[in-house]
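query.cif follows; it contains mmCIF, C-alpha atoms (C1' of nucleotides).
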data_structure
#
loop_
_atom_site.label_atom_id
_atom_site.label_comp_id
_atom_site.auth_asym_id
_atom_site.auth_seq_id
_atom_site.Cartn_x
_atom_site.Cartn_y
_atom_site.Cartn_z
CA MET Q 120 7.13 -8.51 26.44
CA ALA Q 121 4.37 -6.90 28.42
CA THR Q 122 4.25 -4.04 25.92
CA ALA Q 123 3.53 -6.19 22.90
CA SER Q 124 1.02 -8.18 24.87
CA LYS Q 125 -0.79 -5.03 25.99
CA LYS Q 126 -0.92 -3.74 22.44
CA GLU Q 127 -2.28 -7.04 21.15
CA GLN Q 128 -4.77 -7.09 24.01
CA ILE Q 129 -6.07 -3.66 23.03
CA VAL Q 130 -6.36 -4.36 19.32
CA THR Q 131 -7.97 -7.74 19.98
CA GLU Q 132 -10.63 -6.21 22.19
CA ALA Q 133 -11.13 -3.32 19.78
CA LEU Q 134 -11.65 -5.80 16.98
CA LYS Q 135 -14.39 -7.55 18.90
CA LEU Q 136 -16.20 -4.29 19.69
CA PHE Q 137 -15.79 -2.64 16.30
CA TYR Q 138 -17.04 -5.78 14.60
CA ARG Q 139 -20.02 -6.22 16.86
CA ASP Q 140 -21.10 -2.60 17.44
CA GLY Q 141 -19.54 -0.66 14.59
CA PHE Q 142 -16.67 1.81 14.44
CA ASN Q 143 -18.34 5.12 15.16
CA ALA Q 144 -20.59 3.59 17.78
CA THR Q 145 -17.65 2.25 19.79
CA GLY Q 146 -15.84 4.72 22.05
CA VAL Q 147 -12.23 4.43 23.16
CA GLU Q 148 -13.34 4.49 26.80
CA ARG Q 149 -15.30 1.31 26.22
CA ILE Q 150 -12.35 -0.32 24.49
CA CYS Q 151 -10.09 0.57 27.43
CA SER Q 152 -12.43 -0.80 30.06
CA ASP Q 153 -13.09 -4.00 28.12
CA ALA Q 154 -9.38 -4.49 27.51
CA GLY Q 155 -8.63 -3.74 31.16
CA VAL Q 156 -6.28 -0.95 30.17
CA SER Q 157 -6.01 2.75 30.90
CA LYS Q 158 -6.47 5.44 28.29
CA LYS Q 159 -2.85 6.47 28.71
CA THR Q 160 -1.73 3.00 27.73
CA LEU Q 161 -3.96 2.94 24.68
CA TYR Q 162 -2.64 6.28 23.48
CA ASN Q 163 0.88 5.13 24.28
CA HIS Q 164 0.49 2.42 21.66
CA PHE Q 165 -1.75 4.19 19.14
CA ASN Q 166 -1.64 7.79 18.00
CA SER Q 167 -5.39 8.08 17.60
CA LYS Q 168 -8.58 6.09 17.41
CA ASP Q 169 -8.18 6.02 13.66
CA ASP Q 170 -4.75 4.43 14.04
CA LEU Q 171 -6.39 1.79 16.20
CA VAL Q 172 -9.10 1.22 13.60
CA LEU Q 173 -6.45 0.65 10.95
CA ALA Q 174 -4.61 -1.77 13.23
CA THR Q 175 -7.79 -3.75 13.89
CA LEU Q 176 -8.53 -3.96 10.17
CA ARG Q 177 -5.03 -5.22 9.49
CA LEU Q 178 -5.40 -7.82 12.23
CA ARG Q 179 -8.80 -8.83 10.94
CA ASP Q 180 -7.46 -9.23 7.42
CA ARG Q 181 -4.68 -11.48 8.69
CA LEU Q 182 -6.92 -13.59 10.95
CA PHE Q 183 -9.80 -13.86 8.50
CA ARG Q 184 -7.83 -14.84 5.45
CA SER Q 185 -5.69 -17.38 7.26
CA ARG Q 186 -8.81 -18.87 8.79
CA ILE Q 187 -10.63 -19.10 5.48
CA MET Q 188 -7.58 -20.54 3.76
CA ARG Q 189 -7.05 -23.12 6.49
CA ASP Q 190 -10.71 -24.18 6.43
CA THR Q 191 -10.82 -24.22 2.64
CA GLU Q 192 -7.70 -26.33 2.40
CA GLY Q 193 -9.01 -28.66 5.08
CA LEU Q 194 -12.32 -29.14 3.29
CA GLY Q 195 -10.94 -29.61 -0.23
CA ILE Q 196 -7.95 -31.60 -1.43
CA THR Q 197 -7.40 -30.53 -5.03
CA PRO Q 198 -7.39 -26.88 -6.12
CA ARG Q 199 -10.58 -27.54 -7.99
CA ASP Q 200 -12.23 -28.96 -4.85
CA ARG Q 201 -11.06 -25.94 -2.97
CA LEU Q 202 -12.71 -23.51 -5.38
CA LEU Q 203 -15.97 -24.94 -4.09
CA ALA Q 204 -14.84 -25.75 -0.55
CA ILE Q 205 -14.32 -22.04 0.10
CA PHE Q 206 -18.11 -21.72 0.01
CA ASP Q 207 -18.35 -24.31 2.77
CA ALA Q 208 -15.77 -22.36 4.75
CA HIS Q 209 -18.00 -19.31 4.40
CA ASP Q 210 -21.00 -21.39 5.37
CA ASN Q 211 -19.31 -22.22 8.66
CA TRP Q 212 -18.57 -18.57 9.21
CA PHE Q 213 -22.14 -17.46 8.53
CA ASN Q 214 -23.45 -19.89 11.11
CA GLU Q 215 -21.23 -18.70 13.92
CA GLU Q 216 -22.92 -17.05 16.87
CA GLU Q 217 -20.91 -13.85 16.53
CA PHE Q 218 -21.37 -13.49 12.75
CA SER Q 219 -21.92 -9.84 11.99
CA GLY Q 220 -21.25 -9.62 8.28
CA CYS Q 221 -17.94 -8.85 6.63
CA MET Q 222 -15.97 -6.36 8.70
CA PHE Q 223 -14.58 -4.76 5.54
CA ILE Q 224 -17.98 -4.28 3.97
CA ASN Q 225 -19.02 -2.76 7.29
CA ALA Q 226 -15.97 -0.50 7.25
CA ALA Q 227 -16.69 0.61 3.69
CA ALA Q 228 -20.20 1.50 4.84
CA GLU Q 229 -18.96 3.75 7.64
CA PHE Q 230 -15.95 5.10 5.74
CA SER Q 231 -17.56 5.56 2.37
CA PRO Q 232 -15.09 7.75 0.46
CA GLN Q 233 -12.86 5.63 -1.75
CA ASP Q 234 -9.79 7.53 -0.57
CA ASN Q 235 -10.44 6.97 3.12
CA PRO Q 236 -7.57 4.90 4.57
CA ASN Q 237 -9.96 2.43 6.17
CA HIS Q 238 -11.83 2.03 2.90
CA ILE Q 239 -8.57 1.56 1.02
CA LEU Q 240 -7.56 -1.16 3.44
CA SER Q 241 -10.94 -2.83 2.94
CA ALA Q 242 -10.46 -2.81 -0.82
CA GLU Q 243 -7.02 -4.28 -0.29
CA HIS Q 244 -8.48 -7.12 1.75
CA LYS Q 245 -10.92 -7.87 -1.03
CA ARG Q 246 -8.09 -7.81 -3.53
CA LEU Q 247 -6.16 -10.35 -1.48
CA MET Q 248 -9.19 -12.62 -1.24
CA ARG Q 249 -9.62 -12.46 -5.00
CA GLU Q 250 -5.92 -13.14 -5.39
CA TYR Q 251 -6.30 -16.28 -3.32
CA LEU Q 252 -9.14 -17.39 -5.56
CA GLY Q 253 -7.02 -16.58 -8.60
CA GLY Q 254 -4.24 -18.80 -7.30
CA LEU Q 255 -6.64 -21.67 -6.77
CA ALA Q 256 -8.15 -21.16 -10.22
CA LEU Q 257 -4.74 -21.14 -11.82
CA ALA Q 258 -3.72 -24.30 -9.99
CA ALA Q 259 -6.99 -25.92 -11.01
CA GLY Q 260 -6.11 -25.24 -14.64
CA ALA Q 261 -8.97 -22.84 -15.29
CA LYS Q 262 -9.06 -21.33 -18.74
CA GLU Q 263 -9.32 -17.74 -17.55
CA PRO Q 264 -8.29 -17.96 -13.90
CA GLN Q 265 -8.74 -14.26 -13.15
CA ARG Q 266 -12.20 -14.28 -14.62
CA LEU Q 267 -13.20 -17.35 -12.63
CA ALA Q 268 -11.77 -15.73 -9.51
CA SER Q 269 -13.86 -12.60 -10.11
CA GLN Q 270 -16.96 -14.70 -10.66
CA LEU Q 271 -16.53 -16.73 -7.50
CA ASN Q 272 -15.62 -13.62 -5.56
CA LEU Q 273 -18.83 -11.96 -6.65
CA LEU Q 274 -20.81 -14.98 -5.51
CA LEU Q 275 -19.09 -14.95 -2.14
CA GLU Q 276 -19.79 -11.25 -1.66
CA GLY Q 277 -23.42 -11.76 -2.51
CA ALA Q 278 -23.69 -14.64 -0.08
CA ILE Q 279 -22.10 -12.62 2.75
CA VAL Q 280 -24.57 -9.78 2.26
CA ASP Q 281 -27.55 -12.10 2.01
CA ALA Q 282 -26.46 -13.93 5.14
CA HIS Q 283 -26.04 -10.75 7.12
CA VAL Q 284 -28.75 -8.36 5.93
CA SER Q 285 -31.49 -10.91 5.32
CA GLY Q 286 -30.28 -13.48 7.83
CA ASN Q 287 -30.27 -16.15 5.13
CA LYS Q 288 -28.00 -18.76 6.63
CA ASP Q 289 -28.25 -20.90 3.49
CA ALA Q 290 -26.76 -18.21 1.29
CA ALA Q 291 -23.44 -20.02 1.00
CA LYS Q 292 -25.15 -23.20 -0.20
CA LEU Q 293 -26.96 -21.36 -2.97
CA ALA Q 294 -23.78 -19.55 -3.96
CA LYS Q 295 -21.87 -22.83 -4.03
CA ALA Q 296 -24.42 -24.41 -6.33
CA MET Q 297 -24.13 -21.42 -8.62
CA ALA Q 298 -20.33 -21.55 -8.46
CA GLU Q 299 -20.26 -25.11 -9.73
CA VAL Q 300 -21.52 -23.92 -13.09
CA PHE Q 301 -18.57 -21.59 -13.55
CA VAL Q 302 -15.99 -23.97 -12.18
CA ILE Q 303 -17.16 -26.64 -14.59
CA GLU Q 304 -17.25 -24.17 -17.44
CA ALA Q 305 -13.68 -23.03 -16.75
CA CYS Q 306 -12.15 -26.38 -15.90
CA ASP Q 307 -13.77 -28.82 -18.31
CA MET H 411 -49.34 22.17 3.28
CA ALA H 412 -46.21 23.78 4.68
CA THR H 413 -46.08 21.09 7.36
CA ALA H 414 -45.89 18.15 4.98
CA SER H 415 -43.38 20.00 2.85
CA LYS H 416 -41.14 20.73 5.85
CA LYS H 417 -41.27 17.10 6.89
CA GLU H 418 -40.36 15.94 3.40
CA GLN H 419 -37.61 18.53 3.28
CA ILE H 420 -36.08 17.16 6.49
CA VAL H 421 -36.25 13.52 5.52
CA THR H 422 -34.91 14.25 2.05
CA GLU H 423 -31.90 16.07 3.42
CA ALA H 424 -31.36 13.43 6.10
CA LEU H 425 -31.39 10.77 3.41
CA LYS H 426 -28.64 12.55 1.52
CA LEU H 427 -26.45 12.93 4.60
CA PHE H 428 -27.07 9.47 6.08
CA TYR H 429 -26.31 7.90 2.72
CA ARG H 430 -23.15 9.89 2.14
CA ASP H 431 -21.67 10.09 5.65
CA GLY H 432 -23.33 7.26 7.56
CA PHE H 433 -25.95 7.21 10.29
CA ASN H 434 -23.90 7.52 13.46
CA ALA H 435 -21.55 10.04 11.87
CA THR H 436 -24.39 12.41 10.97
CA GLY H 437 -25.72 14.64 13.74
CA VAL H 438 -29.19 16.11 13.90
CA GLU H 439 -27.72 19.60 14.07
CA ARG H 440 -26.15 19.08 10.68
CA ILE H 441 -29.39 17.77 9.26
CA CYS H 442 -31.23 20.82 10.55
CA SER H 443 -28.78 23.33 9.11
CA ASP H 444 -28.64 21.57 5.74
CA ALA H 445 -32.42 21.34 5.60
CA GLY H 446 -32.72 25.00 6.66
CA VAL H 447 -34.89 24.04 9.59
CA SER H 448 -34.72 24.55 13.34
CA LYS H 449 -34.26 21.70 15.79
CA LYS H 450 -37.69 22.39 17.22
CA THR H 451 -39.25 21.77 13.83
CA LEU H 452 -37.36 18.53 13.37
CA TYR H 453 -38.49 17.24 16.74
CA ASN H 454 -41.97 18.48 16.02
CA HIS H 455 -42.13 16.02 13.12
CA PHE H 456 -40.01 13.17 14.51
CA ASN H 457 -39.88 11.78 18.02
CA SER H 458 -36.18 10.98 17.87
CA LYS H 459 -33.23 10.64 15.57
CA ASP H 460 -34.04 6.96 15.29
CA ASP H 461 -37.53 7.79 14.10
CA LEU H 462 -35.94 9.96 11.45
CA VAL H 463 -33.58 7.16 10.44
CA LEU H 464 -36.53 4.83 9.98
CA ALA H 465 -38.35 7.44 7.92
CA THR H 466 -35.33 7.94 5.66
CA LEU H 467 -34.99 4.19 5.13
CA ARG H 468 -38.65 3.95 4.22
CA LEU H 469 -38.25 6.82 1.77
CA ARG H 470 -35.11 5.29 0.31
CA ASP H 471 -36.86 1.96 -0.17
CA ARG H 472 -39.68 3.64 -2.03
CA LEU H 473 -37.45 5.82 -4.20
CA PHE H 474 -34.87 3.15 -4.93
CA ARG H 475 -37.24 0.37 -5.89
CA SER H 476 -39.39 2.58 -8.07
CA ARG H 477 -36.30 3.91 -9.77
CA ILE H 478 -34.85 0.44 -10.40
CA MET H 479 -38.21 -0.85 -11.62
CA ARG H 480 -38.68 2.11 -13.93
CA ASP H 481 -35.18 1.77 -15.39
CA THR H 482 -35.46 -2.00 -15.69
CA GLU H 483 -38.77 -1.77 -17.47
CA GLY H 484 -37.43 0.92 -19.75
CA LEU H 485 -34.38 -1.12 -20.68
CA GLY H 486 -36.16 -4.44 -21.22
CA ILE H 487 -39.43 -5.21 -22.96
CA THR H 488 -40.24 -8.80 -22.11
CA PRO H 489 -40.04 -10.16 -18.55
CA ARG H 490 -37.10 -12.27 -19.66
CA ASP H 491 -35.29 -9.21 -21.03
CA ARG H 492 -35.96 -7.45 -17.77
CA LEU H 493 -34.36 -10.20 -15.71
CA LEU H 494 -31.13 -9.11 -17.36
CA ALA H 495 -31.95 -5.43 -17.82
CA ILE H 496 -32.04 -5.02 -14.06
CA PHE H 497 -28.27 -5.48 -14.13
CA ASP H 498 -27.99 -2.57 -16.55
CA ALA H 499 -30.16 -0.52 -14.21
CA HIS H 500 -27.69 -1.31 -11.45
CA ASP H 501 -24.82 -0.46 -13.75
CA ASN H 502 -26.23 3.02 -14.19
CA TRP H 503 -26.56 3.37 -10.45
CA PHE H 504 -22.98 2.26 -9.77
CA ASN H 505 -21.65 4.88 -12.15
CA GLU H 506 -23.44 7.79 -10.56
CA GLU H 507 -21.31 10.42 -8.88
CA GLU H 508 -23.02 10.04 -5.54
CA PHE H 509 -22.94 6.23 -5.49
CA SER H 510 -22.11 5.15 -1.96
CA GLY H 511 -23.15 1.51 -1.91
CA CYS H 512 -26.52 0.13 -0.90
CA MET H 513 -28.02 2.19 1.90
CA PHE H 514 -29.57 -0.92 3.42
CA ILE H 515 -26.32 -2.85 3.45
CA ASN H 516 -24.80 0.22 5.06
CA ALA H 517 -27.60 0.32 7.61
CA ALA H 518 -27.14 -3.35 8.43
CA ALA H 519 -23.46 -2.63 9.02
CA GLU H 520 -24.20 0.10 11.54
CA PHE H 521 -27.23 -1.60 13.08
CA SER H 522 -25.97 -5.12 13.14
CA PRO H 523 -28.37 -6.95 15.47
CA GLN H 524 -31.01 -8.76 13.44
CA ASP H 525 -33.75 -7.43 15.73
CA ASN H 526 -32.77 -3.78 15.34
CA PRO H 527 -35.67 -1.92 13.67
CA ASN H 528 -33.38 -0.39 11.07
CA HIS H 529 -31.90 -3.78 10.28
CA ILE H 530 -35.36 -5.30 10.04
CA LEU H 531 -36.38 -2.60 7.58
CA SER H 532 -33.26 -3.30 5.54
CA ALA H 533 -34.10 -6.99 5.38
CA GLU H 534 -37.60 -6.02 4.30
CA HIS H 535 -36.23 -3.92 1.47
CA LYS H 536 -34.15 -6.86 0.28
CA ARG H 537 -37.22 -9.08 0.47
CA LEU H 538 -39.17 -6.66 -1.71
CA MET H 539 -36.35 -6.56 -4.26
CA ARG H 540 -36.31 -10.35 -4.38
CA GLU H 541 -40.08 -10.31 -4.69
CA TYR H 542 -39.79 -8.07 -7.73
CA LEU H 543 -37.32 -10.48 -9.27
CA GLY H 544 -39.66 -13.35 -8.44
CA GLY H 545 -42.48 -11.63 -10.27
CA LEU H 546 -40.33 -11.11 -13.34
CA ALA H 547 -39.12 -14.72 -13.20
CA LEU H 548 -42.67 -15.98 -12.95
CA ALA H 549 -43.80 -13.83 -15.86
CA ALA H 550 -40.81 -15.04 -17.87
CA GLY H 551 -41.98 -18.60 -17.34
CA ALA H 552 -39.00 -19.71 -15.29
CA LYS H 553 -39.14 -23.27 -14.02
CA GLU H 554 -38.41 -22.37 -10.42
CA PRO H 555 -39.08 -18.63 -10.29
CA GLN H 556 -38.20 -18.22 -6.62
CA ARG H 557 -34.91 -20.00 -7.08
CA LEU H 558 -34.02 -17.91 -10.11
CA ALA H 559 -34.95 -14.79 -8.15
CA SER H 560 -32.65 -15.81 -5.30
CA GLN H 561 -29.84 -16.50 -7.74
CA LEU H 562 -30.14 -13.17 -9.51
CA ASN H 563 -30.53 -11.39 -6.20
CA LEU H 564 -27.31 -12.90 -4.95
CA LEU H 565 -25.52 -11.74 -8.08
CA LEU H 566 -26.88 -8.23 -7.65
CA GLU H 567 -25.78 -8.09 -4.01
CA GLY H 568 -22.32 -9.24 -4.95
CA ALA H 569 -22.07 -6.63 -7.69
CA ILE H 570 -23.17 -3.85 -5.35
CA VAL H 571 -20.49 -4.78 -2.81
CA ASP H 572 -17.80 -5.14 -5.42
CA ALA H 573 -18.72 -1.79 -6.95
CA HIS H 574 -18.63 -0.02 -3.61
CA VAL H 575 -15.84 -1.64 -1.60
CA SER H 576 -13.44 -2.32 -4.44
CA GLY H 577 -14.64 0.48 -6.70
CA ASN H 578 -15.16 -1.99 -9.52
CA LYS H 579 -17.51 -0.11 -11.79
CA ASP H 580 -17.80 -3.08 -14.15
CA ALA H 581 -19.23 -5.33 -11.45
CA ALA H 582 -22.72 -5.15 -12.93
CA LYS H 583 -21.48 -6.26 -16.33
CA LEU H 584 -19.79 -9.33 -14.87
CA ALA H 585 -22.85 -10.13 -12.82
CA LYS H 586 -25.07 -9.77 -15.88
CA ALA H 587 -22.92 -12.19 -17.87
CA MET H 588 -23.19 -14.66 -15.01
CA ALA H 589 -26.93 -14.11 -14.74
CA GLU H 590 -27.48 -15.10 -18.35
CA VAL H 591 -26.46 -18.65 -17.51
CA PHE H 592 -29.19 -18.99 -14.92
CA VAL H 593 -31.84 -17.20 -16.93
CA ILE H 594 -31.19 -19.51 -19.88
CA GLU H 595 -31.16 -22.53 -17.59
CA ALA H 596 -34.51 -21.60 -16.06
CA CYS H 597 -36.27 -20.36 -19.18
CA ASP H 598 -35.15 -22.72 -21.92
"C1'" DC I 780 -58.02 42.37 12.89
"C1'" DT I 781 -56.96 39.00 15.56
"C1'" DA I 782 -55.60 34.78 17.34
"C1'" DA I 783 -53.83 30.33 17.00
"C1'" DA I 784 -50.37 27.35 14.58
"C1'" DG I 785 -46.18 26.54 13.24
"C1'" DG I 786 -42.05 28.64 12.06
"C1'" DT I 787 -37.33 30.72 13.69
"C1'" DA I 788 -33.04 31.41 16.56
"C1'" DT I 789 -30.70 30.49 20.53
"C1'" DA I 790 -29.43 28.98 24.81
"C1'" DC I 791 -29.31 25.23 27.55
"C1'" DC I 792 -29.35 20.27 29.47
"C1'" DG I 793 -26.55 16.05 30.91
"C1'" DA I 794 -23.86 12.69 28.59
"C1'" DT I 795 -20.35 11.27 25.80
"C1'" DC I 796 -16.87 12.04 22.32
"C1'" DG I 797 -11.50 11.79 21.29
"C1'" DG I 798 -7.53 13.08 23.55
"C1'" DT I 799 -4.27 14.99 27.41
"C1'" DA I 800 -2.22 15.72 32.07
"C1'" DT I 801 -1.00 14.48 36.63
"C1'" DA I 802 0.25 11.83 40.25
"C1'" DT I 803 0.84 7.15 41.91
"C1'" DA I 804 1.74 2.20 41.69
"C1'" DT I 805 3.90 -1.78 39.58
"C1'" DT I 806 7.38 -3.98 37.03
"C1'" DG I 807 11.90 -5.64 35.19
"C1'" DT I 808 17.05 -4.73 35.14
"C1'" DC I 809 21.56 -3.67 36.61
"C1'" DG X 1396 18.05 -2.08 46.60
"C1'" DA X 1397 17.51 1.65 43.22
"C1'" DC X 1398 16.44 3.40 38.91
"C1'" DA X 1399 13.85 3.74 34.71
"C1'" DA X 1400 10.09 2.29 32.17
"C1'" DT X 1401 5.50 1.33 31.92
"C1'" DA X 1402 1.45 0.55 34.02
"C1'" DT X 1403 -2.64 2.52 36.65
"C1'" DA X 1404 -6.60 5.65 38.14
"C1'" DT X 1405 -8.58 9.85 37.69
"C1'" DA X 1406 -9.52 14.31 36.63
"C1'" DC X 1407 -9.77 17.31 33.05
"C1'" DC X 1408 -10.04 19.55 28.26
"C1'" DG X 1409 -13.07 21.56 24.44
"C1'" DA X 1410 -16.30 19.77 21.23
"C1'" DT X 1411 -20.22 17.45 20.02
"C1'" DC X 1412 -23.97 14.27 20.91
"C1'" DG X 1413 -29.41 13.78 21.17
"C1'" DG X 1414 -32.97 16.32 23.02
"C1'" DT X 1415 -35.60 20.33 25.51
"C1'" DA X 1416 -37.04 25.11 26.74
"C1'" DT X 1417 -37.74 29.89 25.94
"C1'" DA X 1418 -38.91 33.79 23.39
"C1'" DC X 1419 -39.86 35.91 19.23
"C1'" DC X 1420 -41.57 36.06 14.38
"C1'" DT X 1421 -44.48 34.84 10.28
"C1'" DT X 1422 -48.20 32.80 8.09
"C1'" DT X 1423 -52.98 31.67 7.51
"C1'" DA X 1424 -58.05 31.38 8.65
"C1'" DG X 1425 -62.22 33.02 10.78
#
Translate this structure into structure tokens?
Amino acid sequence: MATASKKEQIVTEALKLFYRDGFNATGVERICSDAGVSKKTLYNHFNSKDDLVLATLRLRDRLFRSRIMRDTEGLGITPRDRLLAIFDAHDNWFNEEEFSGCMFINAAAEFSPQDNPNHILSAEHKRLMREYLGGLALAAGAKEPQRLASQLNLLLEGAIVDAHVSGNKDAAKLAKAMAEVFVIEACD
Amino acid sequence: MATASKKEQIVTEALKLFYRDGFNATGVERICSDAGVSKKTLYNHFNSKDDLVLATLRLRDRLFRSRIMRDTEGLGITPRDRLLAIFDAHDNWFNEEEFSGCMFINAAAEFSPQDNPNHILSAEHKRLMREYLGGLALAAGAKEPQRLASQLNLLLEGAIVDAHVSGNKDAAKLAKAMAEVFVIEACD
DNA sequence: CTAAAGGTATACCGATCGGTATATATTGTC
DNA sequence: GACAATATATACCGATCGGTATACCTTTAG
């Protein structure tokens, strides 16, 4: 349908702009012109800019996690391999041209209150990422899979920030080397 | 002087608002009214809002680092103790009422391009934090002090993000437990 | 006492914000 | 071929943005 396609077109373009320029710094007019769509059409599909922000975050969560999972599972065969391969998947991400940090960390920065819907959605994304790690840890036979997941998650978060704020493109490699210690410790 | 005091008053209030509500979401009018100052006065002391943003980031860097250093050095006696005490200092920070993440991570989110002056200043802050860790690591007799500093820094960054985005107030404790491994490894 | 400096309040500037209305063109369906 | 839905372009709304100008008031120093 043309309707669904228009809606996807809008949210896809909004995602690009929000990620690159920030949420408050991106106006709906700009989104419309970049998406080749009139304001009427945008507000026909979304009740408000905030609705659109939520939709972009949901899309980003879906795209990002499936991409990371695909890469991780392509780079590692066994669950244990994958607990480390996820750092390589992040490495690839950090070295992309368009890398602009984690969109959910960025959202939490602009929507700071914990009860803000965009912040809540960001926390949910992080929960799902940790859940993925927990599944891998469980499958790898880790002693305390949730603890290992939290440890690796913390390393990933640190690497993302270091890569973005300080421009350290080797952050994932350092984090991976650190992760090995905990993977070994949990899966001896 | 009344002049210096007014200027400090403005930048102090701006810091509070930028940190709590974000940079783009905070207008100069609001800063003026909260600081009890007229727009003329603000623009008498700062050339532009961006100038003010830079000034607040510089102030934040100064206040934050001195506060973390003071707390760290109060909580740990030997350099080696302090390499771990800095996680307790962060723990205290995370559990403050007004905690709203790291202002420099937030700034990097809103000013994403690596060559943006605000982003550059944020990277500089992170460099100074790592430098502090490097000094502690060196004094503690670590084998590769810069590597240990990078490791601990990465753990701190991860804890900050986890504490803010996911509201995990125990992030510092987990990070500290992880840090012990690397401190022991480097300072055996 | 006076005069300059630096403060205030307020109105204003053009631009942009998020969001709505109107009038017209394009599209798919029966 | 006609109707209904959905698109478009554009003008408009009140509010706010960053920044400037004007006019008055208060403080301090010679």
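The space separating CA of Asp170 in chain Q from C1' of DT1405 in chain X comes to 24.6 Å.
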Open item on the list: Distance cut-off 9 Å, counting all atoms listed in the file - which residues of chain I neighbour chain Q? Return them as a ChimeraX atom specification.
Closed with: /I:795-799
Name the residues, using the chain letters and numbers of the file, that sit within 12 Å of (1.6, -1.3, 44.0) when counting only C-alpha atoms (C1' of nucleotides), and give them as an mmCIF file with C-alpha atoms (C1' of nucleotides), keeping the file's coordinate frame.
data_model
loop_
_atom_site.group_PDB
_atom_site.id
_atom_site.type_symbol
_atom_site.label_atom_id
_atom_site.label_comp_id
_atom_site.auth_asym_id
_atom_site.auth_seq_id
_atom_site.Cartn_x
_atom_site.Cartn_y
_atom_site.Cartn_z
ATOM 1 C "C1'" DT I 803 0.840 7.150 41.910
ATOM 2 C "C1'" DA I 804 1.740 2.200 41.690
ATOM 3 C "C1'" DT I 805 3.900 -1.780 39.580
ATOM 4 C "C1'" DT I 806 7.380 -3.980 37.030
ATOM 5 C "C1'" DA X 1402 1.450 0.550 34.020
ATOM 6 C "C1'" DT X 1403 -2.640 2.520 36.650
#
- [ ] Using the chain letters and numbers from the file, give me the residues hit by the PyMOL selection byres ((chain H) within 6 of (chain Q)), as a ChimeraX atom specification.
- [x] /H:432,516,518-520,533,564-565,567-568,575-576
I need the residues from that last selection saved to file as a tab-separated table (two decimals), in the coordinates of the input (with C-alpha atoms), if you can.
chain	number	residue	atom	x	y	z
H	432	GLY	CA	-23.33	7.26	7.56
H	516	ASN	CA	-24.80	0.22	5.06
H	518	ALA	CA	-27.14	-3.35	8.43
H	519	ALA	CA	-23.46	-2.63	9.02
H	520	GLU	CA	-24.20	0.10	11.54
H	533	ALA	CA	-34.10	-6.99	5.38
H	564	LEU	CA	-27.31	-12.90	-4.95
H	565	LEU	CA	-25.52	-11.74	-8.08
H	567	GLU	CA	-25.78	-8.09	-4.01
H	568	GLY	CA	-22.32	-9.24	-4.95
H	575	VAL	CA	-15.84	-1.64	-1.60
H	576	SER	CA	-13.44	-2.32	-4.44
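The space between CA of Leu255 in chain Q and CA of Arg199 in chain Q spans 7.2 Å.
Residues with any atom within 12 Å of DA788 in chain I, counting only C-alpha atoms (C1' of nucleotides) and excluding same-chain neighbours fewer than 5 positions away, are H:Ser443, H:Gly446, H:Val447, H:Ser448, H:Lys449, H:Lys450, H:Thr451, X:DT1417, X:DA1418, X:DC1419, X:DC1420.
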List every residue of chain X that has an atom at most 10 Å from any atom of chain H, giving for each one its closest atom pair and the distance in Å to one decimal, counting only C-alpha atoms (C1' of nucleotides), sorted by chain and then by ascending residue number, as JSON lines.
{"residue": "X:DT1411", "atom": "C1'", "partner": "H:Gly437", "partner_atom": "CA", "distance": 8.8}
{"residue": "X:DC1412", "atom": "C1'", "partner": "H:Gly437", "partner_atom": "CA", "distance": 7.4}
{"residue": "X:DG1413", "atom": "C1'", "partner": "H:Lys459", "partner_atom": "CA", "distance": 7.5}
{"residue": "X:DG1414", "atom": "C1'", "partner": "H:Ser458", "partner_atom": "CA", "distance": 8.1}
{"residue": "X:DT1415", "atom": "C1'", "partner": "H:Lys450", "partner_atom": "CA", "distance": 8.8}
{"residue": "X:DA1416", "atom": "C1'", "partner": "H:Lys450", "partner_atom": "CA", "distance": 9.9}
{"residue": "X:DT1422", "atom": "C1'", "partner": "H:Ala412", "partner_atom": "CA", "distance": 9.8}
Next, write the just-selected residues to a file, as a PDB file, keeping the file's coordinate frame, keeping C-alpha atoms (C1' of nucleotides) as the atom set.
ATOM      1  C1'  DT X1411     -20.220  17.450  20.020  1.00  0.00           C
ATOM      2  C1'  DC X1412     -23.970  14.270  20.910  1.00  0.00           C
ATOM      3  C1'  DG X1413     -29.410  13.780  21.170  1.00  0.00           C
ATOM      4  C1'  DG X1414     -32.970  16.320  23.020  1.00  0.00           C
ATOM      5  C1'  DT X1415     -35.600  20.330  25.510  1.00  0.00           C
ATOM      6  C1'  DA X1416     -37.040  25.110  26.740  1.00  0.00           C
ATOM      7  C1'  DT X1422     -48.200  32.800   8.090  1.00  0.00           C
TER       8       DT X1422
END
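You will find CA of Asp289 in chain Q at 12.6 Å from CA of Ala208 in chain Q.
Excluding Lys426 in chain H itself and any same-chain residue fewer than 5 positions from it, the protein and nucleic acid residues within 12 Å of it, counting only C-alpha atoms (C1' of nucleotides), are Gln419, Ile420, Val421, Asp431, Gly432, Phe433, Thr436, Arg440, Ile441, Asp444, Ala445, Val463, Thr466, Leu467, Leu469, Arg470, Glu508, Phe509, Ser510 and Met513 of chain H.
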- [ ] Give as number ranges by chain the residues that the PyMOL selection byres ((chain Q and resi 191) around 12) matches when applied to the coordinates above.
- [x] Q: 183-190, 192-212, 251-252, 255
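Minimum atom-to-atom distances from Q:Leu136, Q:Ala282, Q:Ala305, Q:Leu161 to Ala268 in chain Q were compared using all atoms listed in the file, and the lowest value belongs to Q:Ala305.
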